[in-house]
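File shown: run.csv (CSV, C-alpha atoms).
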```csv
chain,number,residue,atom,x,y,z
K,575,MET,CA,-59.0,-2.9,-98.0
K,576,LYS,CA,-61.8,-5.4,-97.8
K,577,LYS,CA,-64.1,-5.1,-94.8
K,578,ILE,CA,-65.5,-8.1,-93.1
K,579,ILE,CA,-69.1,-6.8,-92.8
K,580,VAL,CA,-71.3,-4.1,-94.3
K,581,HIS,CA,-71.9,-1.7,-91.4
K,582,GLN,CA,-75.2,-0.6,-90.0
K,583,PRO,CA,-75.4,2.9,-88.4
K,584,LEU,CA,-77.3,2.5,-85.2
K,585,GLY,CA,-77.9,6.1,-84.1
K,586,ARG,CA,-76.9,7.6,-80.8
K,587,LYS,CA,-74.0,6.4,-78.7
K,588,ALA,CA,-75.2,4.6,-75.6
K,589,ASP,CA,-73.5,3.5,-72.4
K,590,ILE,CA,-71.7,0.2,-72.1
K,591,GLY,CA,-71.8,-1.6,-68.8
K,592,ALA,CA,-74.2,-3.5,-66.4
K,593,GLY,CA,-77.7,-3.2,-67.8
K,594,GLY,CA,-76.7,-1.1,-70.8
K,595,ASN,CA,-78.9,-1.1,-73.8
K,596,LEU,CA,-77.3,-2.4,-77.0
K,597,GLU,CA,-79.6,-0.4,-79.2
K,598,GLY,CA,-77.8,2.6,-80.5
K,599,LEU,CA,-74.2,1.5,-79.7
K,600,PRO,CA,-71.6,2.7,-82.2
K,601,PHE,CA,-70.1,-0.6,-83.1
K,602,GLY,CA,-70.0,-3.1,-85.9
K,603,GLY,CA,-68.3,-6.1,-87.4
K,604,PRO,CA,-68.0,-9.6,-86.2
K,605,GLY,CA,-65.4,-10.0,-83.5
K,606,SER,CA,-62.8,-7.6,-85.0
K,607,GLY,CA,-59.4,-6.4,-84.1
K,608,ASN,CA,-56.2,-5.3,-85.9
K,609,TRP,CA,-57.3,-5.7,-89.5
K,610,ALA,CA,-54.5,-4.0,-91.3
K,611,HIS,CA,-56.6,-1.2,-92.5
K,612,ALA,CA,-55.1,1.8,-94.4
K,613,GLY,CA,-52.0,2.9,-92.5
K,614,ARG,CA,-51.4,-0.5,-90.8
K,615,LYS,CA,-48.2,-2.1,-91.9
K,616,GLY,CA,-48.2,-5.6,-93.2
K,617,THR,CA,-49.2,-7.7,-96.2
K,618,ARG,CA,-52.1,-9.9,-96.8
K,619,GLY,CA,-51.6,-13.6,-96.3
K,620,GLY,CA,-53.4,-16.9,-95.7
K,621,SER,CA,-55.3,-17.5,-92.4
K,622,GLN,CA,-54.3,-20.2,-90.0
K,623,SER,CA,-56.3,-23.5,-90.1
K,624,VAL,CA,-58.8,-24.0,-87.3
K,625,LYS,CA,-59.3,-27.7,-86.3
K,626,GLY,CA,-60.6,-28.0,-82.8
K,627,GLY,CA,-60.8,-26.8,-79.2
K,628,ARG,CA,-62.4,-23.7,-77.6
K,629,PHE,CA,-63.7,-21.3,-80.3
K,630,GLN,CA,-64.8,-17.7,-80.3
K,631,ILE,CA,-66.8,-16.7,-83.3
K,632,GLY,CA,-67.8,-13.3,-84.8
K,633,ILE,CA,-70.9,-13.5,-86.9
K,634,THR,CA,-74.0,-11.5,-87.5
K,635,SER,CA,-77.2,-11.3,-89.6
K,636,ALA,CA,-77.1,-7.5,-89.7
K,637,ARG,CA,-77.4,-5.6,-92.9
K,638,PRO,CA,-78.0,-1.8,-93.4
K,639,ASP,CA,-81.8,-2.2,-93.6
K,640,LYS,CA,-82.2,-4.2,-90.4
K,641,LYS,CA,-83.1,-2.9,-87.0
K,642,THR,CA,-81.2,-4.3,-84.0
K,643,VAL,CA,-84.4,-5.9,-82.7
K,644,GLN,CA,-84.6,-7.9,-85.9
K,645,VAL,CA,-81.0,-8.9,-85.6
K,646,GLU,CA,-81.7,-10.1,-82.0
K,647,ARG,CA,-84.6,-12.2,-83.2
K,648,GLU,CA,-82.4,-13.8,-85.9
K,649,MET,CA,-79.8,-14.6,-83.2
K,650,GLU,CA,-82.2,-17.2,-81.9
K,651,ASP,CA,-82.2,-18.9,-85.3
K,652,PHE,CA,-78.4,-18.8,-85.2
K,653,LYS,CA,-78.4,-20.5,-81.8
K,654,ALA,CA,-80.8,-23.2,-83.0
K,655,ALA,CA,-78.6,-23.9,-86.0
K,656,MET,CA,-75.5,-24.1,-83.8
K,657,LYS,CA,-77.1,-26.4,-81.2
K,658,ALA,CA,-77.9,-28.8,-84.0
K,659,THR,CA,-74.1,-29.3,-84.5
K,660,PRO,CA,-71.7,-31.3,-82.2
K,661,VAL,CA,-70.7,-28.4,-80.0
K,662,LYS,CA,-70.5,-28.1,-76.2
K,663,GLY,CA,-70.6,-25.3,-73.7
K,664,MET,CA,-72.0,-22.8,-76.3
K,665,SER,CA,-72.8,-19.2,-75.3
K,666,VAL,CA,-74.1,-16.5,-77.6
K,667,HIS,CA,-74.9,-12.9,-76.8
K,668,LEU,CA,-75.3,-9.7,-78.7
K,669,GLY,CA,-72.2,-7.5,-78.9
K,670,VAL,CA,-71.2,-4.6,-81.0
K,671,GLY,CA,-68.0,-3.7,-82.9
K,672,GLY,CA,-66.5,-1.0,-84.9
K,673,TRP,CA,-64.7,-0.7,-88.2
K,674,GLU,CA,-63.2,2.7,-89.2
K,675,GLY,CA,-66.3,4.6,-88.2
K,676,GLY,CA,-68.8,1.9,-89.3
K,677,SER,CA,-71.1,0.2,-86.8
K,678,GLU,CA,-73.1,-3.0,-86.5
K,679,PRO,CA,-74.3,-5.6,-84.0
K,680,THR,CA,-72.4,-8.9,-83.7
K,681,TYR,CA,-73.1,-12.3,-82.2
K,682,ILE,CA,-70.3,-13.0,-79.8
K,683,THR,CA,-70.2,-16.8,-79.8
K,684,GLN,CA,-68.1,-19.3,-77.8
K,685,TYR,CA,-68.2,-23.0,-77.9
K,686,THR,CA,-66.0,-26.2,-77.6
K,687,GLY,CA,-65.9,-28.4,-80.7
K,688,ASN,CA,-63.8,-30.0,-83.4
K,689,GLY,CA,-64.6,-27.7,-86.3
K,690,GLU,CA,-67.7,-29.5,-87.6
K,691,ALA,CA,-69.8,-26.4,-86.8
K,692,LYS,CA,-68.1,-24.5,-89.5
K,693,ALA,CA,-70.7,-25.7,-92.1
K,694,ALA,CA,-73.5,-24.1,-90.1
K,695,LEU,CA,-71.5,-20.9,-89.6
K,696,ALA,CA,-70.9,-20.7,-93.4
K,697,ALA,CA,-74.5,-21.4,-94.2
K,698,PHE,CA,-75.7,-18.7,-91.8
K,699,GLY,CA,-73.2,-16.2,-93.3
K,700,LYS,CA,-74.3,-17.0,-96.8
K,701,LYS,CA,-78.0,-16.9,-95.9
K,702,HIS,CA,-77.7,-13.4,-94.5
K,703,ASP,CA,-75.3,-12.1,-97.2
K,704,GLN,CA,-72.4,-11.4,-94.9
K,705,ASP,CA,-69.0,-10.5,-96.2
K,706,GLY,CA,-67.2,-12.8,-93.7
K,707,VAL,CA,-67.2,-14.8,-90.5
K,708,LEU,CA,-64.3,-14.5,-88.0
K,709,ILE,CA,-63.2,-17.7,-86.2
K,710,GLN,CA,-60.7,-17.7,-83.3
K,711,ARG,CA,-59.5,-20.8,-81.5
K,712,TYR,CA,-57.9,-20.4,-78.2
K,713,VAL,CA,-54.5,-22.1,-77.9
K,714,ARG,CA,-51.5,-22.2,-75.6
K,715,LYS,CA,-48.7,-19.7,-75.8
K,716,GLY,CA,-46.0,-20.7,-78.3
K,717,THR,CA,-48.5,-22.6,-80.6
K,718,PRO,CA,-47.2,-22.1,-84.1
K,719,GLY,CA,-49.2,-19.5,-86.0
K,720,ALA,CA,-50.9,-18.2,-82.9
K,721,LYS,CA,-51.7,-14.5,-82.8
K,722,PRO,CA,-52.6,-12.1,-79.9
K,723,GLN,CA,-56.2,-11.4,-78.9
K,724,SER,CA,-56.0,-8.4,-76.5
K,725,ARG,CA,-58.7,-7.3,-74.1
K,726,VAL,CA,-59.4,-4.3,-71.9
K,727,VAL,CA,-62.0,-4.7,-69.1
K,728,PHE,CA,-63.0,-1.4,-67.6
K,729,ASP,CA,-63.7,-1.0,-63.9
K,730,ARG,CA,-67.1,0.7,-64.6
K,731,SER,CA,-69.6,1.5,-67.3
K,732,VAL,CA,-68.4,3.7,-70.2
K,733,ASP,CA,-70.7,6.4,-71.5
K,734,GLY,CA,-71.1,7.6,-75.1
K,735,LYS,CA,-68.6,10.5,-74.9
K,736,GLU,CA,-66.0,8.2,-73.4
K,737,ILE,CA,-66.7,5.6,-76.2
K,738,GLN,CA,-66.0,8.3,-78.8
K,739,ALA,CA,-62.8,9.3,-77.1
K,740,ILE,CA,-61.6,5.7,-76.8
K,741,GLU,CA,-62.5,4.9,-80.4
K,742,GLY,CA,-60.5,7.9,-81.4
K,743,ALA,CA,-57.5,6.5,-79.6
K,744,LEU,CA,-58.0,3.2,-81.3
K,745,VAL,CA,-57.9,4.8,-84.7
K,746,SER,CA,-54.8,6.9,-83.8
K,747,GLN,CA,-53.0,3.7,-82.7
K,748,GLY,CA,-53.8,2.1,-86.0
K,749,PHE,CA,-56.6,-0.3,-85.1
K,750,GLY,CA,-59.1,-0.6,-87.9
K,751,GLY,CA,-61.6,-2.8,-86.0
K,752,TRP,CA,-62.7,-3.7,-82.5
K,753,THR,CA,-65.5,-5.3,-80.5
K,754,TRP,CA,-67.3,-4.0,-77.5
K,755,GLY,CA,-69.0,-6.4,-75.1
K,756,ARG,CA,-69.4,-7.1,-71.4
K,757,TYR,CA,-67.5,-9.1,-69.0
K,758,ARG,CA,-69.1,-9.7,-65.6
K,759,GLY,CA,-71.2,-6.6,-66.0
K,760,LYS,CA,-68.3,-4.4,-67.0
K,761,ALA,CA,-67.4,-2.8,-70.4
K,762,MET,CA,-65.0,-4.9,-72.4
K,763,LEU,CA,-63.0,-4.0,-75.5
K,764,MET,CA,-61.5,-6.8,-77.6
K,765,LEU,CA,-58.9,-6.5,-80.4
K,766,THR,CA,-57.5,-9.4,-82.5
K,767,CYS,CA,-54.5,-9.5,-84.8
K,768,ILE,CA,-55.8,-11.1,-88.0
K,769,PRO,CA,-53.0,-12.5,-90.3
K,770,GLN,CA,-55.3,-13.0,-93.3
K,771,TRP,CA,-55.6,-9.3,-93.6
K,772,GLY,CA,-52.1,-8.3,-92.9
K,773,GLY,CA,-52.1,-8.3,-89.1
K,774,ASP,CA,-48.7,-8.3,-87.5
K,775,ALA,CA,-48.3,-9.6,-83.9
K,776,GLY,CA,-45.4,-7.2,-83.1
K,777,THR,CA,-47.2,-4.1,-84.4
K,778,HIS,CA,-50.4,-5.2,-82.7
K,779,ARG,CA,-48.7,-5.5,-79.3
K,780,GLN,CA,-47.0,-2.2,-79.6
K,781,SER,CA,-50.2,-0.4,-80.6
K,782,PHE,CA,-52.0,-2.1,-77.7
K,783,THR,CA,-49.4,-1.0,-75.2
K,784,GLU,CA,-49.7,2.6,-76.5
K,785,LEU,CA,-53.5,2.4,-76.2
K,786,THR,CA,-53.4,1.2,-72.6
K,787,ASP,CA,-50.9,3.9,-71.8
K,788,SER,CA,-53.3,6.4,-73.2
K,789,LEU,CA,-56.2,5.0,-71.2
K,790,SER,CA,-54.1,5.1,-68.0
K,791,LYS,CA,-53.1,8.7,-68.6
K,792,ALA,CA,-56.8,9.6,-69.2
K,793,GLY,CA,-57.6,8.2,-65.8
K,794,TYR,CA,-59.5,5.0,-66.8
K,795,GLY,CA,-59.4,2.1,-64.4
K,796,PHE,CA,-59.1,-1.2,-66.2
K,797,SER,CA,-57.4,-4.6,-66.4
K,798,SER,CA,-55.9,-6.0,-69.6
K,799,VAL,CA,-55.0,-9.5,-70.8
K,800,GLU,CA,-53.6,-11.1,-73.9
K,801,ARG,CA,-54.9,-14.5,-75.1
K,802,GLN,CA,-53.4,-16.6,-77.9
K,803,VAL,CA,-55.6,-17.6,-80.8
K,804,LEU,CA,-55.4,-19.2,-84.2
K,805,VAL,CA,-57.4,-17.1,-86.6
K,806,ASP,CA,-59.5,-18.2,-89.6
K,807,VAL,CA,-61.8,-16.1,-91.8
K,808,MET,CA,-64.6,-17.5,-93.9
K,809,GLU,CA,-65.4,-15.1,-96.8
K,810,ARG,CA,-68.3,-14.7,-99.1
K,811,GLU,CA,-66.3,-16.2,-102.0
K,812,ASN,CA,-65.7,-19.5,-100.2
K,813,TYR,CA,-68.8,-20.2,-98.0
K,814,ASP,CA,-69.7,-23.1,-100.3
K,815,ASP,CA,-66.4,-24.8,-99.7
K,816,TYR,CA,-67.4,-25.2,-96.0
K,817,ILE,CA,-71.0,-26.1,-96.6
K,818,ARG,CA,-70.6,-29.0,-99.0
```
Could I get this file's structure written as structure tokens?
Amino acid sequence: MKKIIVHQPLGRKADIGAGGNLEGLPFGGPGSGNWAHAGRKGTRGGSQSVKGGRFQIGITSARPDKKTVQVEREMEDFKAAMKATPVKGMSVHLGVGGWEGGSEPTYITQYTGNGEAKAALAAFGKKHDQDGVLIQRYVRKGTPGAKPQSRVVFDRSVDGKEIQAIEGALVSQGFGGWTWGRYRGKAMLMLTCIPQWGGDAGTHRQSFTELTDSLSKAGYGFSSVERQVLVDVMERENYDDYIR
């Protein structure tokens, strides 16, 4: 199964929440979600086309030999490249995601645009030798081809031992990738069904329900929400198709 990013071990597991330090978090991958890893049912298929609207991007400059502080510095280069494109309302912050035990920082990016920024995204991914860039466009429920993006927002910070337990539950429910970030100072976990790598919406929703049931039984306080997204994945082999 192809992975979207080569992961960077970041050391000890740290807390997630208000004021938490991203250095050392056990995450990786750019945006992530249900990626049809070994054990996940489904077949590989083409991604949906992304044309315009409100986007969420998973991208990073991280490689195994880079420290998080260097990735943070390069995030400023990424911001500058994106601001030079016709996008509005852009926000970029450092997040962290997981892929079957791997770990790596990611730039959680949102903006409103018409797809013209994809050349800049592909150029950045190519420059930093990334395996792929995940693009999600928010759409209305019922949009043809839309897939679920599921989020859990915890009521408090989550410490390293709790992260390990939660990630264990993710793996047991069949999720191969995920993203940790923050929402209004609280820990947020995001999972996306990715059709290009075999993600199935029904299986994703069932697994997410089982996950939240497990979190409730374990005594976690949280809220959950599902958003609808069209998913596109740029890969190393086709960056040039977007750049030219």
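Between atom CA of K:Trp752 and atom CA of K:Gly687 lies a distance of 25.0 Å.
When atom CA of K:Ala658 is paired with atom CA of K:Tyr813, their separation reads 18.8 Å.
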- Message: Report as a ChimeraX atom specification all protein, DNA and RNA residues lying within 6 Å of stretch 719-723 of chain K, evaluated on only C-alpha atoms, omitting residues in the same chain fewer than 6 positions from it.
- Response: /K:765-767,800-804
- Message: For a test of reading the model, state the distance in Å between atom CA of K:Arg810 and atom CA of K:Gln684, rounded to one decimal.
- Response: 21.8 Å
- Query: If we count only C-alpha atoms, what is near K:Ser797 at a cut-off of 7 Å, once residues fewer than 5 positions away on the same chain are taken out, given as a list in words?
  - Reply: Val726, Val727 and Phe728 of chain K
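Near K:Trp754, within 6 Å and counting only C-alpha atoms, sit K:Val670, K:Gly671, K:Met762, K:Leu763; same-chain residues fewer than 3 positions away were not included.
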- Item | Counting all atoms listed in the file, the residue of K:Met649, K:Ala694, K:Val713, K:Ile631 that sits nearest K:Val807 | K:Ile631
- Distance criterion (all atoms listed in the file): nearest to K:Ala739 out of K:Leu668, K:Ile709, K:Val805, K:Leu785: K:Leu785
- Could you tell me which of K:Lys735, K:Arg628, K:Arg758, K:Lys640 comes closest to K:Val661 if we count all atoms listed in the file? K:Arg628
- Query: From the set K:Ile682, K:Gln710, K:Gln738, K:Gln747, which residue has the shortest atom-to-atom contact distance to K:Lys653, counting all atoms listed in the file?
  - Reply: K:Ile682
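Nearest residue to K:Glu690 among K:Tyr816, K:Tyr712, K:Phe796, K:Phe749 is K:Tyr816, counting all atoms listed in the file.
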- Selection as a ChimeraX atom specification: residues within 12 Å of (-77.8, -10.9, -97.1), counting only C-alpha atoms: /K:579-580,634-640,697-706,810
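If you measure from each of K:Thr686, K:Tyr757, K:Trp771, K:Ile817 to K:Arg711 using all atoms listed in the file, the closest one turns out to be K:Thr686.
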- Surrounding residues of K:Glu650 excluding itself and chain neighbours under 3 positions, 12 Å, only C-alpha atoms, as an NGL selection string: :K and (634-635 or 643-647 or 653-657 or 665-668 or 681 or 698)
For stretch 703-768 of chain K of the structure just presented, write C-alpha atoms to a file, as a PDB file, in the first residue's frame.
```pdb
ATOM      1  CA  ASP K 703      10.475  15.354  -2.455  1.00  0.00           C
ATOM      2  CA  GLN K 704       7.086  14.518  -0.956  1.00  0.00           C
ATOM      3  CA  ASP K 705       5.181  11.439  -1.977  1.00  0.00           C
ATOM      4  CA  GLY K 706       1.864  13.254  -2.231  1.00  0.00           C
ATOM      5  CA  VAL K 707      -0.379  16.208  -1.409  1.00  0.00           C
ATOM      6  CA  LEU K 708      -3.898  15.706  -0.091  1.00  0.00           C
ATOM      7  CA  ILE K 709      -6.545  18.207  -1.223  1.00  0.00           C
ATOM      8  CA  GLN K 710     -10.065  18.331   0.182  1.00  0.00           C
ATOM      9  CA  ARG K 711     -12.804  20.691  -0.997  1.00  0.00           C
ATOM     10  CA  TYR K 712     -15.771  21.261   1.263  1.00  0.00           C
ATOM     11  CA  VAL K 713     -19.107  20.693  -0.464  1.00  0.00           C
ATOM     12  CA  ARG K 714     -22.769  20.339   0.416  1.00  0.00           C
ATOM     13  CA  LYS K 715     -24.296  17.064   1.522  1.00  0.00           C
ATOM     14  CA  GLY K 716     -25.458  15.072  -1.478  1.00  0.00           C
ATOM     15  CA  THR K 717     -22.789  16.410  -3.847  1.00  0.00           C
ATOM     16  CA  PRO K 718     -21.894  13.594  -6.285  1.00  0.00           C
ATOM     17  CA  GLY K 719     -18.605  11.966  -5.335  1.00  0.00           C
ATOM     18  CA  ALA K 720     -18.433  13.591  -1.877  1.00  0.00           C
ATOM     19  CA  LYS K 721     -16.808  11.601   0.926  1.00  0.00           C
ATOM     20  CA  PRO K 722     -16.971  11.983   4.711  1.00  0.00           C
ATOM     21  CA  GLN K 723     -14.416  13.928   6.707  1.00  0.00           C
ATOM     22  CA  SER K 724     -14.958  13.020  10.369  1.00  0.00           C
ATOM     23  CA  ARG K 725     -13.719  15.044  13.326  1.00  0.00           C
ATOM     24  CA  VAL K 726     -13.497  14.541  17.066  1.00  0.00           C
ATOM     25  CA  VAL K 727     -12.902  17.615  19.244  1.00  0.00           C
ATOM     26  CA  PHE K 728     -11.983  16.692  22.800  1.00  0.00           C
ATOM     27  CA  ASP K 729     -13.162  18.713  25.787  1.00  0.00           C
ATOM     28  CA  ARG K 730      -9.615  19.050  27.126  1.00  0.00           C
ATOM     29  CA  SER K 731      -5.962  18.461  26.360  1.00  0.00           C
ATOM     30  CA  VAL K 732      -4.900  14.891  25.635  1.00  0.00           C
ATOM     31  CA  ASP K 733      -1.634  13.613  27.099  1.00  0.00           C
ATOM     32  CA  GLY K 734       0.900  11.234  25.587  1.00  0.00           C
ATOM     33  CA  LYS K 735      -0.453   8.043  27.169  1.00  0.00           C
ATOM     34  CA  GLU K 736      -3.972   8.928  26.066  1.00  0.00           C
ATOM     35  CA  ILE K 737      -2.737   9.598  22.535  1.00  0.00           C
ATOM     36  CA  GLN K 738      -1.185   6.137  22.438  1.00  0.00           C
ATOM     37  CA  ALA K 739      -4.446   4.557  23.607  1.00  0.00           C
ATOM     38  CA  ILE K 740      -6.521   6.525  21.093  1.00  0.00           C
ATOM     39  CA  GLU K 741      -4.185   5.667  18.240  1.00  0.00           C
ATOM     40  CA  GLY K 742      -4.438   2.037  19.252  1.00  0.00           C
ATOM     41  CA  ALA K 743      -8.213   2.332  18.937  1.00  0.00           C
ATOM     42  CA  LEU K 744      -7.810   3.958  15.507  1.00  0.00           C
ATOM     43  CA  VAL K 745      -5.725   1.053  14.260  1.00  0.00           C
ATOM     44  CA  SER K 746      -8.150  -1.501  15.730  1.00  0.00           C
ATOM     45  CA  GLN K 747     -11.016   0.213  13.892  1.00  0.00           C
ATOM     46  CA  GLY K 748      -9.142  -0.020  10.603  1.00  0.00           C
ATOM     47  CA  PHE K 749      -7.958   3.575  10.216  1.00  0.00           C
ATOM     48  CA  GLY K 750      -4.542   3.723   8.579  1.00  0.00           C
ATOM     49  CA  GLY K 751      -3.992   7.478   8.851  1.00  0.00           C
ATOM     50  CA  TRP K 752      -5.174  10.465  10.834  1.00  0.00           C
ATOM     51  CA  THR K 753      -4.381  14.063  11.687  1.00  0.00           C
ATOM     52  CA  TRP K 754      -4.110  15.700  15.094  1.00  0.00           C
ATOM     53  CA  GLY K 755      -4.548  19.436  15.399  1.00  0.00           C
ATOM     54  CA  ARG K 756      -6.233  22.016  17.572  1.00  0.00           C
ATOM     55  CA  TYR K 757      -9.646  23.616  17.428  1.00  0.00           C
ATOM     56  CA  ARG K 758     -10.204  26.595  19.710  1.00  0.00           C
ATOM     57  CA  GLY K 759      -7.434  25.411  22.002  1.00  0.00           C
ATOM     58  CA  LYS K 760      -8.703  21.838  22.233  1.00  0.00           C
ATOM     59  CA  ALA K 761      -7.301  18.627  20.814  1.00  0.00           C
ATOM     60  CA  MET K 762      -8.851  17.705  17.465  1.00  0.00           C
ATOM     61  CA  LEU K 763      -8.621  14.415  15.584  1.00  0.00           C
ATOM     62  CA  MET K 764      -9.520  14.347  11.879  1.00  0.00           C
ATOM     63  CA  LEU K 765     -10.082  11.376   9.579  1.00  0.00           C
ATOM     64  CA  THR K 766     -10.974  11.470   5.888  1.00  0.00           C
ATOM     65  CA  CYS K 767     -12.245   8.783   3.541  1.00  0.00           C
ATOM     66  CA  ILE K 768      -9.946   8.863   0.495  1.00  0.00           C
TER      67      ILE K 768
END
```
